[in-house]
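K.L.:
Next up is a structure, given as structure tokens.
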Amino acid sequence: MMRGVSKRIGSIKFSTLSPDEVRKMSATKVITADTYDDDGFPIDMGLMDPHLGVIEPGLRCKTCGNKVDECPGHFGHIDLAMPVIHVGLVKEIKKLLQSTCKTCGHLLMTKEEAQRKAQEWADMDDLGGDAIDYRLLAKGTAKDASKNTICPYCGQEQGKITLDKPTTFREDGHKLTPKEVRERLERIPDEDLPPLGIDPNSCRPEWMVLTALAVPPVTVRPSITLESGDRSEDDLTHKLVDVLRINQRLRENRDAGAPQLIVEDLWELLQYHVTTYFDNQTSGIPPARHRSGRPLKTLVQRLKGKEGRFRSNLSGKRVNFSARTVISPDPSLSINEVGVPEEAARELTVPVHVTKSNLEFLRNMVKGGANPPRVDDRYVPGVNYVIRSDGRRMKVTDRNAESIAEGLEVGYIVERHLMDKDVVLFNRQPSLHRMSMMAHTVRVMPWKTFRFNLCVCPPYNADFDGDEMNLHVLQSDEARAEAMILMRVQEHILSPRFGGPVIGAIHDHITGTFLLTHMNPRFDKKETLSILSKVKHDELPAPVVVDGKEYWTGHQLFSLVLPEDFHITFKASICRNCAVCKKEDCDLDAYVKIRKGKLITGTIDEKAIGSFKGKILDKITRDYGADASREFLDNVTKLAIGAIMVHGFTTGIDDEDIPEEASIQIKEVLTDAVRRVSEFVQAYREGILEQLPGRSLDETLEVEVMKVLGRARDEAGQIAGRHLGMENSAVIMARSGARGSMLNLSQMAGCIGQQAVRGERLSRGYWNRTLPHFKKGDLGAEAKGFVQNSYKSGLTPTEFFFHSMGGREGLVDTAVRTSRSGYMQRRLISALEDLKLKQDGTVRNTADIIVQLRYGEDGVDPCRSVQGDAVDVDDILSEVLGEDAEALARIEEKKLSGYATIEKDLMETMEEEEAEEPEYDAGGGGGDD
Amino acid sequence: MVESDLNVLEHDLVPEHSLLSEQEAEKILADLKITRDQLPKIRRDDACIRLLERIEGPIHPGRIIQIRRKSDTAEEFIVYRLVISKELKG
């Protein structure tokens, strides 16, 4: 088998075809519009002439003698009776007509001007410029030339050339026939072409007006035989038939000396057909249609747009060695792994070169055939194909497996089934960032879904409500090595978007660690072993003995998965940002302190291990590397699942139950708010409402009303929240960051609140009112979309309607946003796709022109940055200063408050620090005991 | 275009532009191991170049401008731009 590069393309040049070239490369002249005769054989010199290539199997090409697939197809040509303008080149033709003399054809420029232009071209060659620069230069030259109304050579006064879209040129209002246009273009001398951006060696301007039309090979426009036996021709063939028919009529009429008017009409018709043959969406002319009324798909339509040749067949292709199926979660897998169904594994293959050392192993595998039986109820990989040294591919079947295995030699290639530890790429659309496609190692499993660790959901943005994902099997050692180094999941834990972890615990994992660590619960031996059963860990720490029974604390268990010398301090998600932080003595157990790999105080929740926020995760990845981080995540996943299963966890509608007195209280708050709104409305009506600065009276009312109602909703939520304690599952999820928010809860238990469209209270629907249930001009709370009920208590019909209005806006917004941001992303990527970071640290494009002298101006990989900064000063401080650094950590928090206030804040913290220090020491001492 | 009295170079948001001498330019190119045409470009009729011309005399295409600008990531960053004739990019 031949591998590697056999021929290399040095350069490609695009130019126009001359009529001579069209005729020279033509296998046959096409003169008749008929395609097949009555017997179904193609007519000679027709559009399906056998010289143009073969599309029927078994036949041989009359030009090259090859069979289908071997014959590339051959061009034919049509000699046009009268010249027509090429639609794709009208702009160029217009430029040329405007910038050259109508009689002598010279560029409308004096010698000196031309000299200057030539100098500019030379400068450009020296200083570098891309294709666009050259085109702009040519355009500039043409523009300058067309300003001269008198030819500096022959003194001829020039007419004003205008273009009547799409293909009619006019000079001072008089029509120019394509023939006249062609004659003018012919007169332009070769030496005047380079300043206009045309290389006379490869292109003459008169070629832009067609006299011969190339007919593409039949392989380009194959006809389809329907089941009924009828032939259906390609759109291009249909269009060429039109061209030929009109061409024929035009020739006959012209030769017979028909009146000028008729000839001109036919000429225009020919122009129309040739135009639509190239581009059937040319503005200004109706698109040519199929008999059924469907517009024809002609040349430009084949190339253009999302379904065109470029985007659909060249930039993106259908590939082999890939699979797609539904995804489902499996916390027992490592984040690096993907579970592949056996059925898929038997189809997807990996080529293995037979060598001396693997000959026996592979021989055994081939012997098993293409569907080896399970051994000990385990999947056994088989072999689909064996490729011999001479390149012959043999399918392995049950019958020939033995003999192929015997004949296996060094140098053969065995296409074996996918097996554990193979490297594959795993992808979910839309692939918006590089983490949308990562390399996983295979675990072949029963059942029919792809499975992976839940921590990998955020980068793929996947959930399991029916999502499907794609898998691609790597076929070469180079590809596997590259993927393992660059694309493996563990290498992408830190995102280049914000220099923090994208891969991390979600949902139940966070709840699990929360239950494990919050308030440091105790677990007896049975529970402890149950929690740790799947976790990789060293020996159990010494148990706490209470009343003669052995217990392990949640903190001890969590510490098992931490690296030995791990050290971090931060505030957990459940932290309520008290005015004075009690640190280790936090009532909420929100102060996380880890020393020497032991969790001393605090709750492990979203801030610790969650994706996007997990501080522990972030630090482990940064300080201990991807391997340690992967191990940590794998362990945390299992630990969390163990913990949540020991505790038991459920949520339901009764989580939002609140006592009756609370509901009464909420009702009172809401009625009070509604009453105050009507007071405001009353005041507004009487004109005694005090206007807010910078607002009209109407606006003032809206602002005040919104304020009152907003406050009422919050208050209702607070009342409800007072009765929903930390023992409540829904609250645990909301506070720990696992799922949902306190707002969600207060809307379920308390009050849904004001509905809004475009940030304003609802006001659309009927004239001066939202619904006919209200009086016209009613400005009260109920009439304009305030929902007093909660999701649990249920909505009144009007409230439900208002809620739908608000909800609809959200849906429309998301729909609009996704489509718009998709298009923006496409344009952004098109602009940046060829930029590349070179080895000297510069960013360059494909033309090797520098775009940035140093990547990101600081040369820092955002993936390895700390939230965008090259170094994490606080982290270094805490490492150097130890415990003292925590007092300094507040600097960072202040820094976020505003730009250029750092110095001032520094001084402030210094002062506070002195005051707080003793308190801190006392706290620290207490916690350690 | 009406020439304004405003000196854009003195504006807060306009980074510091300076013309490199031929020797300096050669040294920079040698340091970066690149040829002139690989540099980013700046048009000769750019407002900053026109102002620089008042100080330095005519700046012909092919000269290199040094721009010292503030950067979010690197505090200060120096870039070089090649002067090109004004006809381009228009």
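Within each chain, counting starts at residue 1; across the structure tokens, chains are named A, B, ... in the order shown, with ligands numbered 1 upward in that order.
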Where does DSSP see alpha helix (DSSP H) in chain B, if you list the residues as number ranges by chain?

P.N.:
B: 22-32, 47-56

K.L.:
If you count only C-alpha atoms, which residues fall within 7 Å of segment 149-166 of chain A, apart from same-chain ones fewer than 6 positions away, as number ranges by chain?

P.N.:
A: 94, 98, 101-102, 104, 108-110, 172, 283-284

K.L.:
Quick one: which residues from chain B are at most 6 Å off chain A, using only C-alpha atoms, as a list in words?

P.N.:
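That gives the following set of residues: Asp37, Gln38, Leu39, Thr73, Ala74 and Leu88 of chain B.
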
K.L.:
Grab the residues selected above and save them as a JSON list (two decimals), in the first residue's frame with N, CA, C and O atoms.

P.N.:
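Produced file again-v9.json, reproduced below:
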[["chain", "number", "residue", "atom", "x", "y", "z"],
["B", 37, "ASP", "N", 8.13, 42.42, 4.62],
["B", 37, "ASP", "CA", 6.75, 42.21, 4.16],
["B", 37, "ASP", "C", 5.92, 41.38, 5.14],
["B", 37, "ASP", "O", 4.71, 41.29, 4.98],
["B", 38, "GLN", "N", 6.57, 40.78, 6.15],
["B", 38, "GLN", "CA", 5.80, 39.98, 7.10],
["B", 38, "GLN", "C", 5.24, 40.80, 8.24],
["B", 38, "GLN", "O", 4.48, 40.29, 9.07],
["B", 39, "LEU", "N", 5.63, 42.09, 8.30],
["B", 39, "LEU", "CA", 5.14, 42.93, 9.39],
["B", 39, "LEU", "C", 3.69, 43.36, 9.15],
["B", 39, "LEU", "O", 3.25, 43.43, 8.01],
["B", 73, "THR", "N", -2.79, 42.39, 29.12],
["B", 73, "THR", "CA", -2.09, 41.21, 29.59],
["B", 73, "THR", "C", -0.63, 41.48, 29.91],
["B", 73, "THR", "O", -0.09, 40.94, 30.85],
["B", 74, "ALA", "N", 0.00, 42.31, 29.09],
["B", 74, "ALA", "CA", 1.45, 42.48, 29.25],
["B", 74, "ALA", "C", 1.82, 43.88, 29.73],
["B", 74, "ALA", "O", 2.95, 44.30, 29.58],
["B", 88, "LEU", "N", -3.63, 51.89, -0.88],
["B", 88, "LEU", "CA", -4.14, 50.58, -0.51],
["B", 88, "LEU", "C", -5.28, 50.64, 0.48],
["B", 88, "LEU", "O", -5.51, 51.64, 1.12]]

K.L.:
Could you work out how far atom CA of Gly504 of chain A lies from atom CA of Phe464 of chain A, giving the answer in Å with one decimal?

P.N.:
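It comes out at 17.0 Å.
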
K.L.:
From segment 1-78 of chain B, collect each residue whose DSSP state is strand (DSSP E or B) and return the set as a PyMOL selection string.

P.N.:
chain B and resi 16-19+41-43+64-71+75-78

K.L.:
Quick one: residues within 7 Å of segment 3-18 of chain B, only C-alpha atoms, excluding same-chain residues fewer than 3 positions away - as an MDAnalysis selection string?

P.N.:
chainID B and resid 48 65:69
